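J.: What follows is start.txt; its format and atoms are compact mmCIF, C-alpha atoms.
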# COMPACT_ATOMS: atom_id res chain seq x y z
CA MET O 986 -44.11 36.15 -21.89
CA LYS O 987 -43.17 38.26 -18.87
CA MET O 988 -45.24 35.94 -16.66
CA LYS O 989 -43.33 32.91 -17.96
CA SER O 990 -39.96 34.63 -17.32
CA HIS O 991 -41.00 35.59 -13.81
CA THR O 992 -42.17 32.04 -13.08
CA PHE O 993 -38.87 30.61 -14.38
CA LYS O 994 -36.86 32.90 -12.09
CA ILE O 995 -38.91 31.84 -9.08
CA LEU O 996 -38.42 28.17 -9.98
CA LEU O 997 -34.65 28.65 -10.44
CA ALA O 998 -34.36 30.40 -7.07
CA PHE O 999 -36.30 27.55 -5.45
CA ILE O 1000 -33.92 24.92 -6.94
CA VAL O 1001 -30.86 26.84 -5.70
CA PHE O 1002 -32.42 27.14 -2.23
CA ILE O 1003 -33.07 23.39 -2.08
CA ALA O 1004 -29.50 22.61 -3.24
CA ILE O 1005 -28.02 24.83 -0.53
CA GLY O 1006 -30.24 23.19 2.05
CA LEU O 1007 -29.11 19.73 1.04
CA SER O 1008 -25.46 20.79 1.25
CA ILE O 1009 -25.96 22.04 4.79
CA SER O 1010 -27.85 18.94 5.94
CA ASN O 1011 -25.34 16.56 4.32
CA PRO O 1012 -21.75 17.91 4.60
CA ALA O 1013 -20.48 15.28 2.17
CA LEU O 1014 -22.29 17.09 -0.64
CA ALA O 1015 -20.42 20.31 0.09
CA VAL O 1016 -16.92 18.79 0.22
CA THR O 1017 -14.49 20.20 -2.31
CA GLY O 1018 -11.15 19.22 -0.67
CA CYS O 1019 -9.59 16.58 1.50
CA ASN O 1020 -11.62 16.64 4.70
CA LEU O 1021 -13.74 13.49 5.01
CA LEU O 1022 -13.45 10.77 7.63
CA CYS O 1023 -14.80 7.71 5.83
CA GLU O 1024 -16.20 5.20 8.29
CA GLY O 1025 -16.27 1.49 7.55
CA SER O 1026 -14.56 -0.64 4.91
CA PHE O 1027 -14.49 -0.05 1.16
CA THR O 1028 -13.78 -2.02 -2.01
CA ILE O 1029 -12.67 -0.79 -5.41
CA ASP O 1030 -13.04 -3.44 -8.10
CA ASP O 1031 -14.08 -3.84 -11.73
CA ILE O 1032 -17.72 -3.05 -11.03
CA GLU O 1033 -18.62 0.67 -10.95
CA THR O 1034 -14.94 1.57 -10.49
CA ALA O 1035 -15.47 5.28 -11.11
CA ALA O 1036 -18.23 5.45 -8.50
CA ASP O 1037 -16.05 3.60 -5.98
CA LEU O 1038 -13.24 6.08 -6.51
CA ALA O 1039 -15.58 9.06 -6.31
CA ALA O 1040 -16.85 7.87 -2.92
CA LEU O 1041 -13.27 7.93 -1.59
CA SER O 1042 -11.82 10.92 -3.41
CA ALA O 1043 -12.11 13.34 -0.46
CA CYS O 1044 -11.27 10.82 2.28
CA ILE O 1045 -8.28 11.56 4.47
CA SER O 1046 -8.93 8.45 6.57
CA VAL O 1047 -10.70 5.13 6.08
CA THR O 1048 -11.54 3.69 9.50
CA GLY O 1049 -11.89 0.11 8.28
CA SER O 1050 -10.13 -1.76 5.49
CA LEU O 1051 -9.60 -0.75 1.87
CA THR O 1052 -9.51 -3.49 -0.77
CA ILE O 1053 -8.51 -2.75 -4.36
CA LYS O 1054 -8.96 -5.88 -6.48
CA TYR O 1055 -9.60 -6.84 -10.11
CA SER O 1056 -9.70 -3.15 -11.00
CA PRO O 1057 -8.80 -1.71 -14.44
CA LEU O 1058 -6.77 1.07 -12.81
CA THR O 1059 -3.23 1.92 -13.92
CA ASN O 1060 -2.59 4.15 -10.88
CA LEU O 1061 -4.38 5.38 -7.76
CA LYS O 1062 -4.35 9.15 -8.34
CA GLU O 1063 -7.95 9.57 -7.19
CA LEU O 1064 -6.87 8.54 -3.66
CA GLU O 1065 -4.44 11.43 -3.19
CA CYS O 1066 -6.27 12.69 -0.06
CA LEU O 1067 -5.74 9.44 1.84
CA THR O 1068 -3.39 9.58 4.86
CA HIS O 1069 -4.56 6.62 6.96
CA VAL O 1070 -6.23 3.21 6.57
CA GLY O 1071 -7.37 1.81 9.91
CA GLY O 1072 -7.59 -1.85 8.92
CA VAL O 1073 -6.05 -3.78 6.03
CA LEU O 1074 -4.92 -2.18 2.78
CA LEU O 1075 -5.08 -4.93 0.17
CA LEU O 1076 -3.94 -4.49 -3.43
CA TRP O 1077 -4.79 -7.76 -5.15
CA LYS O 1078 -4.96 -8.94 -8.77
CA ASN O 1079 -5.03 -5.55 -10.44
CA ASP O 1080 -3.56 -6.61 -13.78
CA SER O 1081 -3.28 -3.08 -15.22
CA LEU O 1082 -1.88 -1.37 -12.11
CA GLU O 1083 1.56 0.00 -13.03
CA SER O 1084 2.27 2.26 -10.07
CA LEU O 1085 0.92 3.36 -6.69
CA ALA O 1086 0.94 7.03 -7.68
CA GLY O 1087 -1.83 8.70 -5.71
CA LEU O 1088 -0.89 7.22 -2.33
CA GLU O 1089 1.90 9.75 -1.72
CA ASN O 1090 0.11 11.15 1.37
CA LEU O 1091 -0.50 7.76 3.01
CA GLU O 1092 1.31 7.77 6.36
CA SER O 1093 -0.01 4.73 8.21
CA VAL O 1094 -1.86 1.44 7.88
CA GLY O 1095 -3.44 0.19 11.11
CA LEU O 1096 -3.25 -3.53 10.36
CA HIS O 1097 -1.72 -5.14 7.26
CA LEU O 1098 -0.44 -3.93 3.93
CA TRP O 1099 -0.72 -6.76 1.41
CA ILE O 1100 0.39 -6.29 -2.20
CA TYR O 1101 -0.41 -9.48 -4.14
CA HIS O 1102 -0.57 -10.57 -7.81
CA ASN O 1103 -0.35 -7.19 -9.53
CA GLU O 1104 1.10 -8.31 -12.84
CA SER O 1105 2.00 -4.87 -14.25
CA LEU O 1106 3.23 -3.19 -11.07
CA THR O 1107 6.77 -1.84 -11.53
CA SER O 1108 7.13 0.60 -8.62
CA LEU O 1109 6.10 1.24 -5.00
CA ALA O 1110 7.15 4.90 -5.26
CA GLY O 1111 3.67 6.10 -4.28
CA LEU O 1112 4.28 4.89 -0.71
CA LYS O 1113 7.02 7.43 -0.01
CA SER O 1114 5.26 8.86 3.09
CA LEU O 1115 4.37 5.52 4.69
CA GLU O 1116 5.89 5.44 8.19
CA SER O 1117 4.06 2.72 10.10
CA ILE O 1118 2.27 -0.60 9.56
CA GLY O 1119 0.47 -2.00 12.59
CA GLY O 1120 0.51 -5.59 11.38
CA SER O 1121 2.35 -7.25 8.51
CA LEU O 1122 3.83 -6.13 5.21
CA SER O 1123 3.50 -8.78 2.51
CA ILE O 1124 4.70 -8.30 -1.08
CA TRP O 1125 3.93 -11.36 -3.17
CA ASN O 1126 3.91 -12.39 -6.82
CA ASN O 1127 4.32 -9.00 -8.48
CA SER O 1128 6.09 -10.18 -11.61
CA PHE O 1129 7.64 -6.91 -12.81
CA LEU O 1130 8.56 -5.29 -9.50
CA LYS O 1131 12.36 -4.79 -9.55
CA ASP O 1132 12.93 -3.21 -6.13
CA LEU O 1133 11.06 -1.73 -3.16
CA ALA O 1134 11.97 1.90 -3.70
CA GLY O 1135 9.25 4.05 -2.16
CA LEU O 1136 9.37 2.46 1.30
CA GLU O 1137 12.23 4.64 2.56
CA SER O 1138 10.09 6.23 5.30
CA LEU O 1139 9.21 2.86 6.83
CA LYS O 1140 11.21 2.12 9.99
CA SER O 1141 9.33 -0.76 11.56
CA VAL O 1142 6.75 -3.45 10.88
CA VAL O 1143 4.91 -4.68 13.97
CA SER O 1144 4.00 -8.25 12.97
CA SER O 1145 6.02 -9.61 10.03
CA LEU O 1146 7.72 -8.82 6.75
CA GLU O 1147 7.19 -11.27 3.88
CA ILE O 1148 8.65 -10.85 0.41
CA TYR O 1149 8.19 -13.78 -1.91
CA ASP O 1150 7.69 -14.99 -5.47
CA ASN O 1151 8.52 -11.66 -7.14
CA ASP O 1152 10.24 -12.87 -10.31
CA SER O 1153 11.97 -9.60 -11.32
CA LEU O 1154 13.02 -8.41 -7.85
CA THR O 1155 16.79 -7.88 -7.92
CA SER O 1156 17.25 -5.87 -4.71
CA LEU O 1157 15.47 -4.69 -1.57
CA ALA O 1158 16.29 -1.04 -2.26
CA GLY O 1159 13.74 1.02 -0.36
CA LEU O 1160 14.17 -0.81 2.95
CA GLU O 1161 17.39 0.95 3.91
CA ASN O 1162 15.79 2.57 6.99
CA LEU O 1163 13.87 -0.46 8.28
CA LYS O 1164 15.03 -1.30 11.82
CA SER O 1165 12.53 -3.97 12.89
CA ALA O 1166 10.66 -6.64 10.93
CA GLY O 1167 8.47 -7.52 13.91
CA GLY O 1168 8.28 -11.21 14.73
CA VAL O 1169 8.97 -12.85 11.38
CA LEU O 1170 11.12 -12.15 8.33
CA LYS O 1171 10.41 -14.28 5.26
CA ILE O 1172 12.20 -13.77 1.98
CA TYR O 1173 11.80 -16.63 -0.47
CA ASP O 1174 11.32 -17.69 -4.10
CA ASN O 1175 12.52 -14.38 -5.52
CA ASP O 1176 14.35 -15.80 -8.53
CA THR O 1177 16.53 -12.78 -9.41
CA LEU O 1178 17.27 -11.36 -5.94
CA THR O 1179 21.04 -11.05 -5.56
CA SER O 1180 21.55 -9.00 -2.38
CA LEU O 1181 20.22 -8.25 1.11
CA ALA O 1182 22.51 -5.24 1.50
CA ASP O 1183 19.56 -2.84 1.59
CA LEU O 1184 18.56 -4.27 4.98
CA GLU O 1185 21.59 -2.50 6.40
CA SER O 1186 19.62 -0.83 9.24
CA LEU O 1187 17.69 -3.94 10.32
CA GLU O 1188 18.36 -4.65 14.00
CA SER O 1189 15.74 -7.12 15.15
CA VAL O 1190 13.53 -10.03 14.12
CA ALA O 1191 11.83 -11.23 17.29
CA ASP O 1192 10.79 -14.78 16.36
CA TYR O 1193 12.40 -16.30 13.28
CA LEU O 1194 13.96 -15.83 9.85
CA TRP O 1195 13.14 -17.79 6.74
CA ILE O 1196 15.32 -16.82 3.79
CA VAL O 1197 15.20 -19.68 1.28
CA SER O 1198 15.04 -20.58 -2.43
CA ASN O 1199 16.24 -17.24 -3.74
CA HIS O 1200 18.19 -18.82 -6.58
CA GLU O 1201 20.66 -15.98 -7.24
CA LEU O 1202 21.18 -15.03 -3.58
CA CYS O 1203 24.25 -16.38 -1.83
CA THR O 1204 23.58 -18.11 1.47
CA SER O 1205 26.53 -16.13 2.80
CA SER O 1206 24.48 -12.94 2.33
CA ALA O 1207 21.77 -14.35 4.60
CA GLU O 1208 24.43 -15.40 7.11
CA ALA O 1209 25.84 -11.86 7.09
CA LEU O 1210 22.37 -10.50 7.83
CA VAL O 1211 22.03 -12.83 10.82
CA ASP O 1212 25.39 -11.61 12.14
CA GLN O 1213 24.22 -8.02 11.75
CA LEU O 1214 21.09 -8.46 13.88
CA LEU O 1215 21.22 -7.34 17.49
CA ASP O 1216 18.10 -9.28 18.41
CA VAL O 1217 16.99 -12.42 16.60
CA GLY O 1218 14.79 -15.37 17.51
CA ALA O 1219 15.14 -18.83 15.97
CA ILE O 1220 16.86 -19.05 12.59
CA PHE O 1221 14.40 -21.29 10.78
CA SER O 1222 16.28 -21.51 7.48
CA ILE O 1223 18.70 -19.49 5.35
CA ASP O 1224 19.24 -21.97 2.51
CA ASN O 1225 19.91 -20.24 -0.82
CA LYS O 1226 22.66 -20.36 -3.46
CA ASP O 1227 26.00 -21.90 -2.49
CA CYS O 1228 28.56 -19.32 -3.66
CA ARG O 1229 31.66 -20.94 -2.14
Would you mind writing the file out in structure tokens?
T.:
Amino acid sequence: MKMKSHTFKILLAFIVFIAIGLSISNPALAVTGCNLLCEGSFTIDDIETAADLAALSACISVTGSLTIKYSPLTNLKELECLTHVGGVLLLWKNDSLESLAGLENLESVGLHLWIYHNESLTSLAGLKSLESIGGSLSIWNNSFLKDLAGLESLKSVVSSLEIYDNDSLTSLAGLENLKSAGGVLKIYDNDTLTSLADLESLESVADYLWIVSNHELCTSSAEALVDQLLDVGAIFSIDNKDCR
């Protein structure tokens, strides 16, 4: 009996020794906090979702793109370590996604931020720390999104700003501090949008504006925005509701 106990202790010590060795040889196994640089591009979808999240849970930066599509997630709390995405951050067709909670530490996106077809999304509040987007910001066909609150830290978009086909969007609250929309500003087919007043700090649109088919938005509001701009390229179209 004593021999068996002694053998068990030796075996247990050997297992612990091997585990420690693996942790030293592969730092990822020893990570307990937010300290991983995750190289390459990643996808979170409806296949092995938990494993996808676990692979990113300690990442402070993703050097490539991050695509979240067709997932069953209601929020993004497992991504709370993330501060930077080097490529594109795409949130696409996540029917259960209600909020972006979990992205509160995200400060920058190297290329584009595209938020498309998230049928349950009601808030962008999780993006409260986002300061820079190296390409375009596109918010499209999010049926229950009422405003853009959560983007208050964003001051400029390098390429373009496109907001379209968001059926419940009534205001652009959240964009109060945006000064530049890059080359292109497109706001169209937002059926309940009534005001552009939240673009009060916008100073420049380098190439052209396209503000059309927002059925409750007065064309005069778009005209007032044009008058406000210090630098504007071609005015492609600002045809909305005639409120005269």
J.: Just to confirm, what's the straight-line distance from CA of Ser1056 (chain O) to CA of Leu1076 (chain O) in Å (one decimal)?
T.: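 Separation between CA of Ser1056 (chain O) and CA of Leu1076 (chain O): 9.6 Å.
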J.: Got a sec: who's within 7 Å of Leu1136 (chain O), counting all atoms listed in the file, leaving out chain neighbours fewer than 4 positions off, as a list in words?
T.: Leu1112, Lys1113, Leu1115, Gly1159 and Leu1160 of chain O
J.: Excluding Thr1034 (chain O) and residues on its chain fewer than 2 positions from it, collect all residues at most 10 Å away from it, counting all atoms listed in the file, and give them as a PyMOL selection string.
T.: chain O and resi 1028-1032+1036-1039+1053+1055-1058
J.: With distances taken over only C-alpha atoms, which of O:Leu1075, O:Cys1044, O:Val1197, O:Leu1122 is nearest to Ser1222 (chain O)?
T.: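 When distances to Ser1222 (chain O) are compared using only C-alpha atoms, the smallest one comes from O:Val1197.
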J.: So how many Å separate CA of Ala1040 (chain O) and CA of Leu1022 (chain O), to one decimal?
T.: 11.5 Å
J.: Between CA of Val1070 (chain O) and CA of Asp1174 (chain O), measure the distance and give it in Å to one decimal.
T.: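 It comes out at 29.3 Å.
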J.: Pick the closest to Lys1078 (chain O) from O:Asn1020, O:Ser1050, O:Ser1042, O:Asn1126: which is it, counting all atoms listed in the file?
T.: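 Answer, going by the shortest atom-to-atom distance: O:Asn1126.
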J.: So which residues touch Asp1224 (chain O) within 8 Å, counting all atoms listed in the file, skipping near sequence neighbours fewer than 4 positions away, as a PDB file with C-alpha atoms, in the frame of the given file?
T.:
ATOM      1  CA  ILE O1196      15.320 -16.820   3.790  1.00  0.00           C
ATOM      2  CA  VAL O1197      15.200 -19.680   1.280  1.00  0.00           C
ATOM      3  CA  SER O1198      15.040 -20.580  -2.430  1.00  0.00           C
ATOM      4  CA  THR O1204      23.580 -18.110   1.470  1.00  0.00           C
TER       5      THR O1204
END
J.: I'd like to know which of O:Leu1085, O:Ala1207, O:Ile1220, O:Leu1157 is closest to Ala1191 (chain O), using all atoms listed in the file.
T.: O:Ile1220
J.: Of the residues O:Asn1225, O:Ile1100, O:Tyr1193, O:Gly1120, which is the one nearest to Ile1148 (chain O), using all atoms listed in the file?
T.: O:Ile1100
J.: Can you tell me which residues surround Val1094 (chain O) at a distance of at most 9 Å, considering all atoms listed in the file, apart from same-chain residues fewer than 6 positions away, and format the answer as a list in words?
T.: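 The neighbour list is Thr1068, His1069, Val1070, Gly1071, Gly1072, Val1073, Leu1074, Leu1115, Glu1116, Ser1117, Ile1118, Gly1119 and Gly1120 of chain O.
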J.: Using C-alpha atoms, can you export the residues from the last selection as a PDB file, in the coordinates of the input?
T.:
ATOM      1  CA  THR O1068      -3.390   9.580   4.860  1.00  0.00           C
ATOM      2  CA  HIS O1069      -4.560   6.620   6.960  1.00  0.00           C
ATOM      3  CA  VAL O1070      -6.230   3.210   6.570  1.00  0.00           C
ATOM      4  CA  GLY O1071      -7.370   1.810   9.910  1.00  0.00           C
ATOM      5  CA  GLY O1072      -7.590  -1.850   8.920  1.00  0.00           C
ATOM      6  CA  VAL O1073      -6.050  -3.780   6.030  1.00  0.00           C
ATOM      7  CA  LEU O1074      -4.920  -2.180   2.780  1.00  0.00           C
ATOM      8  CA  LEU O1115       4.370   5.520   4.690  1.00  0.00           C
ATOM      9  CA  GLU O1116       5.890   5.440   8.190  1.00  0.00           C
ATOM     10  CA  SER O1117       4.060   2.720  10.100  1.00  0.00           C
ATOM     11  CA  ILE O1118       2.270  -0.600   9.560  1.00  0.00           C
ATOM     12  CA  GLY O1119       0.470  -2.000  12.590  1.00  0.00           C
ATOM     13  CA  GLY O1120       0.510  -5.590  11.380  1.00  0.00           C
TER      14      GLY O1120
END
J.: Can you find the residues with an atom no farther than 12 Å from (26.1, -6.9, 12.3), counting only C-alpha atoms, and report them as an NGL selection string?
T.: :O and (1182 or 1184-1189 or 1206-1217)
J.: Include C-alpha atoms and write out the residues we just selected as a PDB file, in the frame of the given file.
T.:
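That gives us part_37.pdb:
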ATOM      1  CA  ALA O1182      22.510  -5.240   1.500  1.00  0.00           C
ATOM      2  CA  LEU O1184      18.560  -4.270   4.980  1.00  0.00           C
ATOM      3  CA  GLU O1185      21.590  -2.500   6.400  1.00  0.00           C
ATOM      4  CA  SER O1186      19.620  -0.830   9.240  1.00  0.00           C
ATOM      5  CA  LEU O1187      17.690  -3.940  10.320  1.00  0.00           C
ATOM      6  CA  GLU O1188      18.360  -4.650  14.000  1.00  0.00           C
ATOM      7  CA  SER O1189      15.740  -7.120  15.150  1.00  0.00           C
ATOM      8  CA  SER O1206      24.480 -12.940   2.330  1.00  0.00           C
ATOM      9  CA  ALA O1207      21.770 -14.350   4.600  1.00  0.00           C
ATOM     10  CA  GLU O1208      24.430 -15.400   7.110  1.00  0.00           C
ATOM     11  CA  ALA O1209      25.840 -11.860   7.090  1.00  0.00           C
ATOM     12  CA  LEU O1210      22.370 -10.500   7.830  1.00  0.00           C
ATOM     13  CA  VAL O1211      22.030 -12.830  10.820  1.00  0.00           C
ATOM     14  CA  ASP O1212      25.390 -11.610  12.140  1.00  0.00           C
ATOM     15  CA  GLN O1213      24.220  -8.020  11.750  1.00  0.00           C
ATOM     16  CA  LEU O1214      21.090  -8.460  13.880  1.00  0.00           C
ATOM     17  CA  LEU O1215      21.220  -7.340  17.490  1.00  0.00           C
ATOM     18  CA  ASP O1216      18.100  -9.280  18.410  1.00  0.00           C
ATOM     19  CA  VAL O1217      16.990 -12.420  16.600  1.00  0.00           C
TER      20      VAL O1217
END
J.: Within 6 Å of Trp1077 (chain O), counting all atoms listed in the file, which residues qualify if same-chain residues fewer than 2 places away don't, as an NGL selection string?
T.: :O and (1054 or 1079 or 1101-1102)
J.: Let me see the file: selected residues, C-alpha atoms, as a PDB file, in the coordinates of the input.
T.:
ATOM      1  CA  LYS O1054      -8.960  -5.880  -6.480  1.00  0.00           C
ATOM      2  CA  ASN O1079      -5.030  -5.550 -10.440  1.00  0.00           C
ATOM      3  CA  TYR O1101      -0.410  -9.480  -4.140  1.00  0.00           C
ATOM      4  CA  HIS O1102      -0.570 -10.570  -7.810  1.00  0.00           C
TER       5      HIS O1102
END
J.: Select, from O:Leu1098, O:Glu1104, O:Ala1110, O:Lys1140, the residue with the minimum atom-to-atom distance to Ser1123 (chain O), counting only C-alpha atoms.
T.: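 Among O:Leu1098, O:Glu1104, O:Ala1110, O:Lys1140, it is O:Leu1098 that comes nearest to Ser1123 (chain O).
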J.: Would you be able to write out as a PyMOL selection string which residues have an atom within 7 Å of (14.4, -10.0, -11.3) in the file's coordinates, counting all atoms listed in the file?
T.: chain O and resi 1131+1152-1155+1176-1178
J.: Can you complete the atoms of region 1136-1159 of chain O to N, CA and C atoms and list them as an mmCIF file, keeping the file's coordinate frame?
T.:
data_model
loop_
_atom_site.group_PDB
_atom_site.id
_atom_site.type_symbol
_atom_site.label_atom_id
_atom_site.label_comp_id
_atom_site.auth_asym_id
_atom_site.auth_seq_id
_atom_site.Cartn_x
_atom_site.Cartn_y
_atom_site.Cartn_z
ATOM 1 N N LEU O 1136 9.617 2.809 -0.107
ATOM 2 C CA LEU O 1136 9.370 2.460 1.300
ATOM 3 C C LEU O 1136 10.421 3.061 2.235
ATOM 4 N N GLU O 1137 11.126 4.076 1.781
ATOM 5 C CA GLU O 1137 12.230 4.640 2.560
ATOM 6 C C GLU O 1137 11.811 5.246 3.892
ATOM 7 N N SER O 1138 10.546 5.628 4.038
ATOM 8 C CA SER O 1138 10.090 6.230 5.300
ATOM 9 C C SER O 1138 9.708 5.191 6.344
ATOM 10 N N LEU O 1139 9.644 3.931 5.937
ATOM 11 C CA LEU O 1139 9.210 2.860 6.830
ATOM 12 C C LEU O 1139 10.362 2.413 7.716
ATOM 13 N N LYS O 1140 10.158 2.483 9.044
ATOM 14 C CA LYS O 1140 11.210 2.120 9.990
ATOM 15 C C LYS O 1140 10.919 0.834 10.748
ATOM 16 N N SER O 1141 9.658 0.468 10.845
ATOM 17 C CA SER O 1141 9.330 -0.760 11.560
ATOM 18 C C SER O 1141 8.030 -1.368 11.067
ATOM 19 N N VAL O 1142 7.964 -2.684 11.170
ATOM 20 C CA VAL O 1142 6.750 -3.450 10.880
ATOM 21 C C VAL O 1142 6.440 -4.228 12.143
ATOM 22 N N VAL O 1143 5.231 -4.128 12.657
ATOM 23 C CA VAL O 1143 4.910 -4.680 13.970
ATOM 24 C C VAL O 1143 4.844 -6.206 13.971
ATOM 25 N N SER O 1144 4.238 -6.803 12.968
ATOM 26 C CA SER O 1144 4.000 -8.250 12.970
ATOM 27 C C SER O 1144 5.043 -9.030 12.187
ATOM 28 N N SER O 1145 5.081 -8.835 10.854
ATOM 29 C CA SER O 1145 6.020 -9.610 10.030
ATOM 30 C C SER O 1145 6.257 -8.920 8.697
ATOM 31 N N LEU O 1146 7.385 -9.289 8.082
ATOM 32 C CA LEU O 1146 7.720 -8.820 6.750
ATOM 33 C C LEU O 1146 7.912 -10.041 5.864
ATOM 34 N N GLU O 1147 7.122 -10.131 4.791
ATOM 35 C CA GLU O 1147 7.190 -11.270 3.880
ATOM 36 C C GLU O 1147 7.322 -10.777 2.452
ATOM 37 N N ILE O 1148 8.394 -11.230 1.791
ATOM 38 C CA ILE O 1148 8.650 -10.850 0.410
ATOM 39 C C ILE O 1148 8.908 -12.134 -0.368
ATOM 40 N N TYR O 1149 8.009 -12.498 -1.255
ATOM 41 C CA TYR O 1149 8.190 -13.780 -1.910
ATOM 42 C C TYR O 1149 7.553 -13.851 -3.308
ATOM 43 N N ASP O 1150 8.190 -14.665 -4.139
ATOM 44 C CA ASP O 1150 7.690 -14.990 -5.470
ATOM 45 C C ASP O 1150 7.527 -13.755 -6.353
ATOM 46 N N ASN O 1151 8.487 -12.826 -6.261
ATOM 47 C CA ASN O 1151 8.520 -11.660 -7.140
ATOM 48 C C ASN O 1151 9.641 -11.904 -8.156
ATOM 49 N N ASP O 1152 9.287 -12.324 -9.355
ATOM 50 C CA ASP O 1152 10.240 -12.870 -10.310
ATOM 51 C C ASP O 1152 11.317 -11.895 -10.775
ATOM 52 N N SER O 1153 11.016 -10.586 -10.793
ATOM 53 C CA SER O 1153 11.970 -9.600 -11.320
ATOM 54 C C SER O 1153 12.698 -8.835 -10.220
ATOM 55 N N LEU O 1154 12.433 -9.155 -8.973
ATOM 56 C CA LEU O 1154 13.020 -8.410 -7.850
ATOM 57 C C LEU O 1154 14.522 -8.712 -7.751
ATOM 58 N N THR O 1155 15.337 -7.690 -7.975
ATOM 59 C CA THR O 1155 16.790 -7.880 -7.920
ATOM 60 C C THR O 1155 17.405 -7.343 -6.633
ATOM 61 N N SER O 1156 16.726 -6.410 -5.968
ATOM 62 C CA SER O 1156 17.250 -5.870 -4.710
ATOM 63 C C SER O 1156 16.106 -5.454 -3.804
ATOM 64 N N LEU O 1157 16.458 -5.159 -2.552
ATOM 65 C CA LEU O 1157 15.470 -4.690 -1.570
ATOM 66 C C LEU O 1157 15.630 -3.192 -1.337
ATOM 67 N N ALA O 1158 16.152 -2.496 -2.340
ATOM 68 C CA ALA O 1158 16.290 -1.040 -2.260
ATOM 69 C C ALA O 1158 14.949 -0.418 -1.911
ATOM 70 N N GLY O 1159 14.960 0.433 -0.902
ATOM 71 C CA GLY O 1159 13.740 1.020 -0.360
ATOM 72 C C GLY O 1159 13.579 0.685 1.103
#
